[in-house]
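Below: work.tsv (TSV, C-alpha atoms and all ligand atoms)
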```
chain	number	residue	atom	x	y	z
A	1	MET	CA	84.41	87.09	135.28
A	2	SER	CA	81.21	88.44	133.87
A	3	ALA	CA	80.31	92.08	134.33
A	4	PRO	CA	78.81	92.89	137.70
A	5	ALA	CA	75.39	94.40	137.63
A	6	THR	CA	75.38	96.91	140.42
A	7	GLY	CA	77.04	100.27	140.83
A	8	ALA	CA	78.57	99.17	144.10
A	9	ALA	CA	80.22	96.21	142.41
A	10	ALA	CA	81.52	98.47	139.65
A	11	ASP	CA	83.17	100.70	142.27
A	12	LEU	CA	84.79	97.68	143.74
A	13	LEU	CA	86.22	96.54	140.46
A	14	SER	CA	87.85	99.88	139.84
A	15	GLY	CA	89.37	99.82	143.30
A	16	ASP	CA	90.74	96.31	143.39
A	17	ALA	CA	93.38	97.27	145.94
A	18	GLU	CA	90.64	98.24	148.37
A	19	GLU	CA	88.29	95.31	148.10
A	20	PRO	CA	90.00	91.97	148.48
A	21	LEU	CA	89.05	89.26	146.04
A	22	LEU	CA	87.05	87.41	148.67
A	23	ARG	CA	85.48	89.45	151.44
A	24	VAL	CA	83.57	87.61	154.15
A	25	ARG	CA	81.71	89.47	156.86
A	26	ASP	CA	79.78	88.07	159.81
A	27	LEU	CA	79.27	84.73	158.13
A	28	THR	CA	76.98	82.80	160.42
A	29	VAL	CA	75.75	79.27	159.85
A	30	GLY	CA	73.23	77.33	161.87
A	31	PHE	CA	71.64	73.94	161.30
A	32	ARG	CA	68.11	72.87	162.04
A	33	THR	CA	68.30	69.47	163.69
A	34	GLU	CA	65.84	67.15	165.41
A	35	ASP	CA	67.20	68.40	168.72
A	36	GLY	CA	66.71	72.01	167.76
A	37	PRO	CA	68.90	74.59	166.11
A	38	VAL	CA	72.68	74.38	166.43
A	39	SER	CA	75.23	77.02	165.62
A	40	ALA	CA	78.31	75.96	163.64
A	41	VAL	CA	79.82	79.25	162.44
A	42	ASP	CA	79.37	82.47	164.38
A	43	HIS	CA	80.05	85.87	162.80
A	44	VAL	CA	83.20	84.88	160.95
A	45	SER	CA	84.87	87.65	158.96
A	46	PHE	CA	87.97	87.47	156.79
A	47	ASP	CA	89.51	88.55	153.51
A	48	ALA	CA	91.43	86.49	151.00
A	49	ARG	CA	93.52	88.40	148.51
A	50	ALA	CA	94.73	87.42	145.07
A	51	GLY	CA	98.13	85.77	145.20
A	52	GLU	CA	97.84	85.02	148.89
A	53	LEU	CA	97.54	81.81	150.85
A	54	LEU	CA	95.34	82.05	153.92
A	55	ALA	CA	95.49	79.11	156.29
A	56	VAL	CA	92.52	78.26	158.49
A	57	VAL	CA	93.36	76.15	161.53
A	58	GLY	CA	91.51	74.74	164.50
A	59	GLU	CA	90.54	71.44	166.04
A	60	SER	CA	88.07	69.11	164.44
A	61	GLY	CA	84.48	70.36	164.70
A	62	CYS	CA	85.39	74.04	164.93
A	63	GLY	CA	83.40	74.95	161.82
A	64	LYS	CA	86.18	75.19	159.25
A	65	SER	CA	84.55	73.01	156.60
A	66	VAL	CA	81.10	74.44	157.23
A	67	ALA	CA	82.45	77.98	156.78
A	68	ALA	CA	84.26	76.94	153.59
A	69	MET	CA	81.19	75.29	152.10
A	70	ALA	CA	78.96	78.19	153.10
A	71	LEU	CA	81.01	80.49	150.86
A	72	SER	CA	79.34	79.17	147.75
A	73	GLY	CA	76.15	77.58	149.01
A	74	LEU	CA	77.41	74.00	149.26
A	75	LEU	CA	75.73	73.19	152.56
A	76	ALA	CA	72.92	70.75	153.24
A	77	ARG	CA	69.36	72.00	153.13
A	78	ASN	CA	69.03	72.18	156.90
A	79	ALA	CA	71.60	74.99	157.00
A	80	THR	CA	70.75	78.63	157.48
A	81	VAL	CA	73.38	81.09	156.34
A	82	SER	CA	73.57	84.80	157.03
A	83	GLY	CA	76.18	87.53	156.68
A	84	SER	CA	78.00	88.53	153.53
A	85	VAL	CA	80.34	86.75	151.14
A	86	ARG	CA	81.56	88.92	148.29
A	87	LEU	CA	83.62	87.44	145.53
A	88	GLY	CA	85.00	90.02	143.12
A	89	GLY	CA	82.45	92.48	144.45
A	90	ARG	CA	79.49	90.14	143.97
A	91	GLU	CA	77.34	89.03	146.87
A	92	LEU	CA	76.94	85.26	147.14
A	93	VAL	CA	74.84	84.92	150.27
A	94	GLY	CA	71.27	84.78	149.07
A	95	ALA	CA	72.26	84.14	145.44
A	96	SER	CA	70.10	81.61	143.60
A	97	PRO	CA	71.23	78.01	143.18
A	98	ASP	CA	71.77	78.68	139.46
A	99	GLN	CA	73.92	81.70	140.14
A	100	LEU	CA	75.95	79.76	142.69
A	101	ARG	CA	76.46	76.87	140.30
A	102	ALA	CA	77.84	79.30	137.77
A	103	VAL	CA	80.23	80.73	140.34
A	104	ARG	CA	81.47	77.35	141.51
A	105	GLY	CA	84.22	75.89	139.41
A	106	LYS	CA	84.59	79.05	137.41
A	107	GLU	CA	85.34	81.51	140.21
A	108	ILE	CA	85.64	79.47	143.36
A	109	ALA	CA	86.79	75.88	143.34
A	110	TYR	CA	87.27	73.28	146.04
A	111	ILE	CA	89.66	70.48	146.79
A	112	PHE	CA	88.57	68.05	149.49
A	113	GLN	CA	90.39	65.51	151.58
A	114	GLU	CA	89.30	62.29	149.92
A	115	PRO	CA	90.15	62.27	146.25
A	116	MET	CA	88.86	58.70	145.86
A	117	THR	CA	85.31	59.62	146.79
A	118	SER	CA	85.25	62.61	144.45
A	119	LEU	CA	86.50	60.83	141.36
A	120	ASN	CA	84.14	58.50	139.56
A	121	PRO	CA	85.65	54.99	139.48
A	122	VAL	CA	83.99	54.01	136.20
A	123	PHE	CA	85.44	56.75	134.01
A	124	THR	CA	89.02	57.41	132.99
A	125	VAL	CA	90.85	60.34	134.49
A	126	GLY	CA	90.96	62.00	131.09
A	127	ARG	CA	87.23	61.78	130.64
A	128	GLN	CA	86.62	63.35	134.05
A	129	VAL	CA	89.06	66.22	133.59
A	130	ALA	CA	87.80	66.82	130.06
A	131	GLU	CA	84.20	66.82	131.28
A	132	VAL	CA	84.87	69.85	133.48
A	133	LEU	CA	86.25	71.73	130.49
A	134	ARG	CA	83.43	70.73	128.19
A	135	VAL	CA	80.75	71.72	130.66
A	136	HIS	CA	82.25	74.95	131.94
A	137	GLU	CA	84.32	76.12	129.00
A	138	GLY	CA	82.33	74.64	126.15
A	139	MET	CA	85.40	72.95	124.67
A	140	SER	CA	85.25	70.20	122.09
A	141	ARG	CA	86.40	66.73	123.05
A	142	THR	CA	89.81	67.14	121.42
A	143	GLN	CA	90.37	70.62	122.83
A	144	ALA	CA	89.39	69.41	126.26
A	145	LEU	CA	91.76	66.44	126.14
A	146	ASP	CA	94.65	68.63	125.01
A	147	ARG	CA	93.94	71.05	127.82
A	148	ALA	CA	93.67	68.14	130.26
A	149	VAL	CA	97.20	67.14	129.34
A	150	GLU	CA	98.39	70.67	130.11
A	151	LEU	CA	96.56	70.66	133.42
A	152	LEU	CA	98.03	67.35	134.58
A	153	ASP	CA	101.41	68.71	133.63
A	154	LEU	CA	100.71	71.91	135.60
A	155	VAL	CA	100.07	69.92	138.77
A	156	GLY	CA	103.23	67.89	138.30
A	157	ILE	CA	101.90	64.58	136.98
A	158	PRO	CA	104.52	62.83	134.84
A	159	HIS	CA	103.47	61.28	131.52
A	160	PRO	CA	100.11	63.09	131.52
A	161	ARG	CA	98.91	61.62	128.24
A	162	GLU	CA	99.21	58.06	129.50
A	163	ARG	CA	97.66	58.98	132.85
A	164	LEU	CA	94.57	60.33	131.14
A	165	ARG	CA	93.78	56.86	129.87
A	166	GLN	CA	93.87	55.35	133.35
A	167	TYR	CA	91.12	54.86	135.90
A	168	PRO	CA	91.26	56.41	139.38
A	169	HIS	CA	92.12	53.11	141.10
A	170	GLN	CA	95.25	52.82	138.96
A	171	LEU	CA	96.64	55.99	140.51
A	172	SER	CA	98.26	56.48	143.90
A	173	GLY	CA	96.53	58.68	146.48
A	174	GLY	CA	98.93	61.52	145.76
A	175	LEU	CA	98.29	61.36	142.01
A	176	ARG	CA	94.55	61.23	142.56
A	177	GLN	CA	94.76	64.35	144.69
A	178	ARG	CA	96.76	66.05	141.93
A	179	VAL	CA	94.06	65.10	139.45
A	180	MET	CA	91.48	66.68	141.77
A	181	ILE	CA	93.57	69.84	141.89
A	182	ALA	CA	93.85	69.82	138.10
A	183	MET	CA	90.05	69.61	137.88
A	184	ALA	CA	89.66	72.36	140.46
A	185	VAL	CA	91.90	74.76	138.55
A	186	ALA	CA	90.69	73.75	135.09
A	187	CYS	CA	88.61	76.90	134.72
A	188	ASP	CA	91.12	79.28	136.31
A	189	PRO	CA	89.14	79.93	139.48
A	190	ARG	CA	90.06	83.07	141.34
A	191	VAL	CA	89.62	81.45	144.73
A	192	LEU	CA	90.73	77.92	145.52
A	193	VAL	CA	89.52	76.38	148.78
A	194	ALA	CA	91.58	73.38	149.83
A	195	ASP	CA	89.98	71.55	152.76
A	196	GLU	CA	92.59	69.30	154.40
A	197	PRO	CA	93.93	68.36	150.98
A	198	THR	CA	96.94	66.48	152.31
A	199	THR	CA	95.51	64.89	155.43
A	200	ALA	CA	95.00	61.46	153.89
A	201	LEU	CA	98.41	61.43	152.21
A	202	ASP	CA	101.83	60.45	153.44
A	203	VAL	CA	104.44	63.03	154.20
A	204	THR	CA	106.49	63.14	151.02
A	205	VAL	CA	103.35	63.18	148.91
A	206	GLN	CA	102.00	66.00	151.07
A	207	ALA	CA	105.04	68.10	150.33
A	208	GLY	CA	104.45	67.70	146.61
A	209	ILE	CA	100.82	68.76	146.91
A	210	LEU	CA	101.79	71.84	148.90
A	211	ASP	CA	104.29	72.74	146.20
A	212	VAL	CA	101.48	72.58	143.69
A	213	LEU	CA	99.32	74.92	145.80
A	214	ARG	CA	102.18	77.37	146.25
A	215	ASP	CA	102.85	77.30	142.54
A	216	LEU	CA	99.19	77.96	141.72
A	217	ARG	CA	99.15	80.90	144.07
A	218	ASP	CA	102.22	82.37	142.41
A	219	ARG	CA	101.54	81.47	138.80
A	220	LEU	CA	97.78	81.89	138.59
A	221	GLY	CA	97.57	84.60	141.26
A	222	ALA	CA	94.72	82.70	142.87
A	223	ALA	CA	93.61	83.38	146.42
A	224	ILE	CA	94.06	80.11	148.26
A	225	VAL	CA	92.21	79.24	151.43
A	226	LEU	CA	93.92	76.22	152.95
A	227	ILE	CA	92.19	74.42	155.80
A	228	THR	CA	94.57	72.24	157.74
A	229	HIS	CA	95.27	70.55	161.05
A	230	ASP	CA	98.97	70.66	160.48
A	231	LEU	CA	100.89	73.65	161.79
A	232	GLY	CA	104.03	72.48	160.00
A	233	VAL	CA	102.11	72.94	156.75
A	234	VAL	CA	100.98	76.37	157.88
A	235	ALA	CA	104.52	77.49	158.69
A	236	ASP	CA	105.70	76.28	155.29
A	237	VAL	CA	103.13	77.71	152.93
A	238	ALA	CA	100.79	80.24	154.53
A	239	ASP	CA	100.98	83.99	154.22
A	240	ARG	CA	98.33	84.63	156.84
A	241	VAL	CA	96.61	82.44	159.39
A	242	MET	CA	93.15	82.47	160.89
A	243	VAL	CA	92.55	80.37	164.01
A	244	MET	CA	89.00	79.16	164.61
A	245	TYR	CA	87.54	77.83	167.80
A	246	ALA	CA	83.95	76.68	168.29
A	247	GLY	CA	82.72	78.47	165.20
A	248	ARG	CA	84.45	81.75	165.91
A	249	VAL	CA	87.65	83.38	164.75
A	250	VAL	CA	89.82	83.75	167.84
A	251	GLU	CA	93.06	84.98	166.29
A	252	ARG	CA	94.33	86.19	162.98
A	253	SER	CA	97.73	87.40	161.81
A	254	GLU	CA	100.65	87.12	159.44
A	255	VAL	CA	102.12	83.65	159.73
A	256	ASP	CA	105.49	84.61	161.25
A	257	GLU	CA	103.80	86.84	163.80
A	258	LEU	CA	101.48	84.05	164.85
A	259	PHE	CA	104.28	81.58	165.45
A	260	ALA	CA	106.50	84.13	167.16
A	261	ARG	CA	103.84	85.67	169.38
A	262	PRO	CA	100.64	83.69	169.70
A	263	ARG	CA	98.22	85.83	171.70
A	264	HIS	CA	95.18	83.63	172.12
A	265	HIS	CA	95.60	80.91	174.72
A	266	TYR	CA	93.99	78.48	172.30
A	267	THR	CA	96.65	79.24	169.71
A	268	VAL	CA	99.31	78.85	172.37
A	269	GLY	CA	97.89	75.42	173.11
A	270	LEU	CA	97.79	74.45	169.44
A	271	LEU	CA	101.37	75.54	168.92
A	272	GLY	CA	102.40	73.23	171.72
A	273	ALA	CA	101.78	70.47	169.19
A	274	VAL	CA	104.66	71.41	166.95
A	275	PRO	CA	108.05	70.02	167.91
A	276	SER	CA	110.26	73.02	168.59
A	277	ALA	CA	112.95	71.73	166.25
A	278	ARG	CA	111.09	71.46	162.99
A	279	VAL	CA	111.46	68.01	161.65
A	280	SER	CA	111.81	68.54	157.98
A	281	GLY	CA	108.99	66.79	156.21
A	282	GLY	CA	107.73	65.36	159.48
A	283	GLU	CA	104.10	65.38	160.35
A	284	GLN	CA	103.33	68.09	162.86
A	285	ARG	CA	99.92	67.74	164.33
A	286	LEU	CA	98.16	70.11	166.61
A	287	ARG	CA	98.62	69.32	170.25
A	288	GLU	CA	95.69	67.90	172.11
A	289	ILE	CA	94.40	70.54	174.46
A	290	PRO	CA	92.69	69.22	177.59
A	291	GLY	CA	88.90	69.42	177.52
A	292	LEU	CA	86.45	69.44	174.62
A	293	VAL	CA	85.18	71.89	172.07
A	294	PRO	CA	81.82	73.06	173.46
A	295	THR	CA	78.67	71.59	171.96
A	296	LEU	CA	76.92	73.83	169.55
A	297	GLU	CA	73.38	73.92	170.91
A	298	GLN	CA	73.95	77.44	172.08
A	299	GLN	CA	76.75	79.90	171.72
A	300	PRO	CA	77.41	81.37	175.17
A	301	ASP	CA	77.69	85.08	175.67
A	302	ALA	CA	81.20	84.46	176.89
A	303	CYS	CA	84.56	83.33	175.62
A	304	THR	CA	83.91	79.86	174.19
A	305	PHE	CA	87.43	78.79	175.24
A	306	ALA	CA	87.07	79.90	178.88
A	307	ALA	CA	86.42	76.40	180.23
A	308	ARG	CA	89.76	75.18	178.84
A	309	CYS	CA	91.81	78.33	179.31
A	310	PRO	CA	94.52	78.77	181.93
A	311	ALA	CA	93.97	82.54	182.04
A	312	ALA	CA	90.17	82.62	182.28
A	313	ASP	CA	88.39	84.67	184.94
A	314	GLU	CA	84.83	85.83	185.62
A	315	ARG	CA	84.83	88.30	182.75
A	316	CYS	CA	85.75	85.55	180.29
A	317	ARG	CA	82.84	83.46	181.52
A	318	SER	CA	80.30	86.26	181.18
A	319	GLN	CA	81.33	88.46	178.24
A	320	GLU	CA	82.30	87.51	174.73
A	321	PRO	CA	85.62	89.11	173.79
A	322	PRO	CA	85.53	90.83	170.38
A	323	LEU	CA	88.18	90.15	167.76
A	324	ALA	CA	90.36	93.25	168.16
A	325	PRO	CA	93.93	94.37	167.47
A	326	ALA	CA	96.27	92.85	170.05
A	327	PRO	CA	98.58	95.24	171.88
A	328	GLN	CA	102.05	95.68	170.33
A	329	SER	CA	101.46	93.51	167.32
A	330	SER	CA	99.71	93.24	164.01
A	331	HIS	CA	97.47	90.47	165.34
A	332	GLU	CA	93.85	90.49	165.96
A	333	VAL	CA	92.80	88.41	168.90
A	334	ALA	CA	89.50	87.69	170.66
A	335	CYS	CA	90.69	87.49	174.25
A	336	TRP	CA	90.32	89.61	177.38
A	337	HIS	CA	93.75	88.56	178.62
A	338	PRO	CA	95.99	87.89	175.62
A	339	ALA	CA	99.05	85.79	176.19
A	340	GLY	CA	102.39	87.58	176.42
A	341	THR	CA	105.16	87.18	173.92
A	342	ARG	CA	105.82	83.71	175.28
A	343	PRO	CA	103.32	80.99	175.96
A	344	PRO	CA	102.77	80.26	179.63
A	345	GLY	CA	105.16	77.50	180.68
A	346	ASP	CA	102.54	75.52	182.51
A	347	ARG	CA	100.56	74.92	179.34
A	348	ALA	CA	103.04	73.48	176.92
A	349	PRO	CA	105.91	71.14	177.57
A	350	GLY	CA	108.81	72.79	175.72
A	351	ASP	CA	106.91	76.01	175.94
A	352	ARG	CA	108.56	78.06	173.23
A	353	ALA	CA	106.57	79.29	170.33
A	354	PRO	CA	107.83	76.76	167.85
A	355	GLY	CA	108.06	76.43	164.14
A	356	VAL	CA	109.15	79.67	162.61
A	357	ALA	CA	112.04	80.55	164.83
A	358	ARG	CA	113.02	83.81	163.21
A	359	GLU	CA	112.03	85.99	166.13
A	360	GLU	CA	113.40	83.90	168.93
A	361	SER	CA	114.36	86.66	171.31
A	362	GLY	CA	111.33	88.87	170.65
B	1	LIG	N1	74.23	69.21	158.04
B	1	LIG	C1	74.56	69.39	159.34
B	1	LIG	N2	73.62	69.34	160.31
B	1	LIG	C2	73.95	69.54	161.62
B	1	LIG	N3	75.20	69.81	162.05
B	1	LIG	C3	76.19	69.87	161.14
B	1	LIG	C4	75.93	69.66	159.73
B	1	LIG	N4	77.11	69.79	159.06
B	1	LIG	C5	78.04	70.07	159.99
B	1	LIG	N5	77.50	70.13	161.24
B	1	LIG	C6	78.20	70.42	162.49
B	1	LIG	O1	78.91	71.63	162.39
B	1	LIG	C7	80.07	71.60	163.21
B	1	LIG	C8	81.27	72.07	162.44
B	1	LIG	O2	81.68	71.06	161.54
B	1	LIG	P1	82.87	71.21	160.52
B	1	LIG	O3	82.82	72.55	159.87
B	1	LIG	O4	82.82	70.03	159.64
B	1	LIG	O5	84.16	71.14	161.46
B	1	LIG	P2	85.70	71.14	161.01
B	1	LIG	O6	85.78	71.21	159.53
B	1	LIG	O7	86.30	72.34	161.69
B	1	LIG	O8	86.25	69.88	161.58
B	1	LIG	C9	80.20	70.18	163.73
B	1	LIG	O9	79.72	70.15	165.05
B	1	LIG	C10	79.30	69.40	162.80
B	1	LIG	O10	78.76	68.27	163.43
B	2	MG	MG	86.56	69.80	158.20
```

Will you turn the file into structure tokens for me?
Ligand SMILES: Nc1ncnc2c1ncn2[C@@H]1O[C@H](COP(=O)(O)OP(=O)(O)O)[C@@H](O)[C@H]1O
Ligand SMILES: [Mg+2]
Amino acid sequence: MSAPATGAAADLLSGDAEEPLLRVRDLTVGFRTEDGPVSAVDHVSFDARAGELLAVVGESGCGKSVAAMALSGLLARNATVSGSVRLGGRELVGASPDQLRAVRGKEIAYIFQEPMTSLNPVFTVGRQVAEVLRVHEGMSRTQALDRAVELLDLVGIPHPRERLRQYPHQLSGGLRQRVMIAMAVACDPRVLVADEPTTALDVTVQAGILDVLRDLRDRLGAAIVLITHDLGVVADVADRVMVMYAGRVVERSEVDELFARPRHHYTVGLLGAVPSARVSGGEQRLREIPGLVPTLEQQPDACTFAARCPAADERCRSQEPPLAPAPQSSHEVACWHPAGTRPPGDRAPGDRAPGVAREESG
């Protein structure tokens, strides 16, 4: 990266162990709409460290994509963003569009769900991968094509040279997604945000894509933020997990800890979705939890999950619980009455914390 300008950033570079690569604090996103302002992300804080895969989970509409896009100013014009996003010690909230453009691709890159919509159908794959390298790295056409071959190889595409001559529609969905990943990592970004990258793909293809992400984490030392619906995916590849509900972080922990001892009743509900015997390669969706995610017109000064929670009482309906260390664990949980070591039996048929079964008796 280029040299940071401020003294504070210089401190941070010297103390890499102290400041994580990506440091997000109180990220808050609202949208101006015809019906008035809505809140989509509410004081979200997290770190992503180099060489680590952080999974972000939560039902649809919980603010995962909005939070991800807010990191580098990708949101629509009607968005208002506050809080702090520091990447390598540099503040991105409030940075100019030019500065953000320079950061994107080079330092933070994205992979989205639909590779077909992101690739241009009229140009060959090679031209599109090479274009990234020419624009961002200033490579010549030949250099860029040679590097494109290496990149396709890196993401596990066989016969890369021949593939470069093909058009997107000539590739399967899984290959297209690999091409998108190749483009995302073309400039060695330090943070890779993958937003439901395998959702549109079938199970065996998914597994291949996850292998690629794992490999990039290990080989490039990138910080990977993986947004997913699929707790089977989380159990397989994540180092840490952050659970979001209605725009807020409700629980956060190491992956094994989360599966062994979910503390937030929302997490307990989500885990009910995973078959207790892990079907290898099977799709493991989040369980449907009764009730709906609250609308976003206003964020209540209360637990946003209270209306759907089996443990809710008056306090939950009148005071927002802060994200705080959970008793006897390394979790943080935003709940006045955290669940015990086992999910309540009345919530989940087959009520064991499933998935990672290493701490069965705990
Ligand atoms: N440009 C926008 N204007 C108004 N509301 C938006 C806009 N973009 C997203 N939202 C709202 O923000 C909320 C969070 O969406 P999103 O982050 O996409 O959810 P997730 O990725 O968790 O499924 C949703 O209610 C969505 O409708
Ligand atoms: Mg989304």

Identify the residues around (102.7, 90.7, 169.9) within a radius of 12 Å, measuring from only C-alpha atoms in the coordinates stated by the file, and give them as number ranges by chain. A: 251-254, 256-264, 325-333, 338-343, 359, 362

Those same residues - C-alpha atoms - I'd like them written as a CSV table (one decimal), in the frame of the given file.
```csv
chain,number,residue,atom,x,y,z
A,251,GLU,CA,93.1,85.0,166.3
A,252,ARG,CA,94.3,86.2,163.0
A,253,SER,CA,97.7,87.4,161.8
A,254,GLU,CA,100.6,87.1,159.4
A,256,ASP,CA,105.5,84.6,161.2
A,257,GLU,CA,103.8,86.8,163.8
A,258,LEU,CA,101.5,84.0,164.8
A,259,PHE,CA,104.3,81.6,165.4
A,260,ALA,CA,106.5,84.1,167.2
A,261,ARG,CA,103.8,85.7,169.4
A,262,PRO,CA,100.6,83.7,169.7
A,263,ARG,CA,98.2,85.8,171.7
A,264,HIS,CA,95.2,83.6,172.1
A,325,PRO,CA,93.9,94.4,167.5
A,326,ALA,CA,96.3,92.8,170.0
A,327,PRO,CA,98.6,95.2,171.9
A,328,GLN,CA,102.0,95.7,170.3
A,329,SER,CA,101.5,93.5,167.3
A,330,SER,CA,99.7,93.2,164.0
A,331,HIS,CA,97.5,90.5,165.3
A,332,GLU,CA,93.8,90.5,166.0
A,333,VAL,CA,92.8,88.4,168.9
A,338,PRO,CA,96.0,87.9,175.6
A,339,ALA,CA,99.0,85.8,176.2
A,340,GLY,CA,102.4,87.6,176.4
A,341,THR,CA,105.2,87.2,173.9
A,342,ARG,CA,105.8,83.7,175.3
A,343,PRO,CA,103.3,81.0,176.0
A,359,GLU,CA,112.0,86.0,166.1
A,362,GLY,CA,111.3,88.9,170.6
```

Problem - Closest of A:Val56, A:Ile111, A:Thr28, A:Ala182 to Ala79 in chain A - atom-to-atom distances counting all atoms listed in the file - result: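 Closest to Ala79 in chain A of all the choices is A:Thr28.
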
* Asked: Using only C-alpha atoms, which of A:Arg219, A:Lys64, A:His229, A:Arg161 sits nearest Thr199 in chain A?
  ->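 Nearest to Thr199 in chain A: A:His229.
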
Could you please extract the residues within 10 Å of ligand LIG 1 (chain B), counting all atoms listed in the file, and hand them back as a short mmCIF file (atom, residue, chain, number, x, y, z; two decimals) with C-alpha atoms, keeping the file's coordinate frame?
```
data_model
loop_
_atom_site.label_atom_id
_atom_site.label_comp_id
_atom_site.auth_asym_id
_atom_site.auth_seq_id
_atom_site.Cartn_x
_atom_site.Cartn_y
_atom_site.Cartn_z
CA VAL A 29 75.75 79.27 159.85
CA GLY A 30 73.23 77.33 161.87
CA PHE A 31 71.64 73.94 161.30
CA ARG A 32 68.11 72.87 162.04
CA THR A 33 68.30 69.47 163.69
CA GLU A 34 65.84 67.15 165.41
CA ASP A 35 67.20 68.40 168.72
CA GLY A 36 66.71 72.01 167.76
CA PRO A 37 68.90 74.59 166.11
CA VAL A 38 72.68 74.38 166.43
CA SER A 39 75.23 77.02 165.62
CA ALA A 40 78.31 75.96 163.64
CA VAL A 41 79.82 79.25 162.44
CA VAL A 56 92.52 78.26 158.49
CA VAL A 57 93.36 76.15 161.53
CA GLY A 58 91.51 74.74 164.50
CA GLU A 59 90.54 71.44 166.04
CA SER A 60 88.07 69.11 164.44
CA GLY A 61 84.48 70.36 164.70
CA CYS A 62 85.39 74.04 164.93
CA GLY A 63 83.40 74.95 161.82
CA LYS A 64 86.18 75.19 159.25
CA SER A 65 84.55 73.01 156.60
CA VAL A 66 81.10 74.44 157.23
CA ALA A 67 82.45 77.98 156.78
CA ALA A 68 84.26 76.94 153.59
CA MET A 69 81.19 75.29 152.10
CA ALA A 70 78.96 78.19 153.10
CA LEU A 75 75.73 73.19 152.56
CA ALA A 76 72.92 70.75 153.24
CA ARG A 77 69.36 72.00 153.13
CA ASN A 78 69.03 72.18 156.90
CA ALA A 79 71.60 74.99 157.00
CA ASP A 195 89.98 71.55 152.76
CA GLU A 196 92.59 69.30 154.40
CA ILE A 227 92.19 74.42 155.80
CA THR A 228 94.57 72.24 157.74
CA HIS A 229 95.27 70.55 161.05
CA MET A 244 89.00 79.16 164.61
CA TYR A 245 87.54 77.83 167.80
CA ALA A 246 83.95 76.68 168.29
CA GLY A 247 82.72 78.47 165.20
CA VAL A 293 85.18 71.89 172.07
CA PRO A 294 81.82 73.06 173.46
CA THR A 295 78.67 71.59 171.96
CA LEU A 296 76.92 73.83 169.55
CA GLU A 297 73.38 73.92 170.91
#
```

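Separating CA of Leu74 in chain A from CA of Tyr110 in chain A is a distance of 10.4 Å.
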
Taking only C-alpha atoms into account, name the residue in A:Val132, A:Ala200, A:Ile157, A:Val233 that is nearest to Ala186 in chain A.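 Looking only at the distances to Ala186 in chain A, the closest residue turns out to be A:Val132.
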
re CA of Arg23 in chain A and CA of Arg86 in chain A: distance 5.1 Å

Across A:Leu213, A:Val193, A:Ala302, A:Leu231, the smallest distance to ligand MG 2 (chain B), with all atoms listed in the file counted, is shown by A:Val193

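Between CA of Ala48 in chain A and CA of Val225 in chain A lies a distance of 7.3 Å.
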
**Asked** For ligand MG 2 (chain B), which residue out of A:Cys309, A:Leu226, A:Ala324, A:Val93 is the nearest one, using all atoms listed in the file?
**Response**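 The shortest atom-to-atom distance to ligand MG 2 (chain B) comes from A:Leu226.
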
To box range 206-210 of chain A, take all atoms listed in the file, fit an axis-aligned box, add 4 Å on each side, and give centre and edge lengths in Å to one decimal, as JSON.
```
{"center_x": 102.9, "center_y": 68.9, "center_z": 148.8, "size_x": 12.2, "size_y": 13.8, "size_z": 12.5}
```

Counting only C-alpha atoms and all ligand atoms, the residue among A:Thr267, A:Pro197, A:Asp218, A:Val234 that lies closest to ligand MG 2 (chain B) is A:Pro197

Practice task
Write out as a PyMOL selection string each polymer residue whose atoms come within 12 Å of range 94-102 of chain A, counting all atoms listed in the file; drop sequence neighbours fewer than 5 positions from it.
Solution key: chain A and resi 1-2+69-75+77+80-87+107-109+135-137+187+189

Within 12 Å of range 139-146 of chain A, counting all atoms listed in the file, which residues show up once you throw out same-chain ones fewer than 3 positions away? Write them as a PyMOL selection string, please. chain A and resi 124-136+149-153+160-165+183+186-187
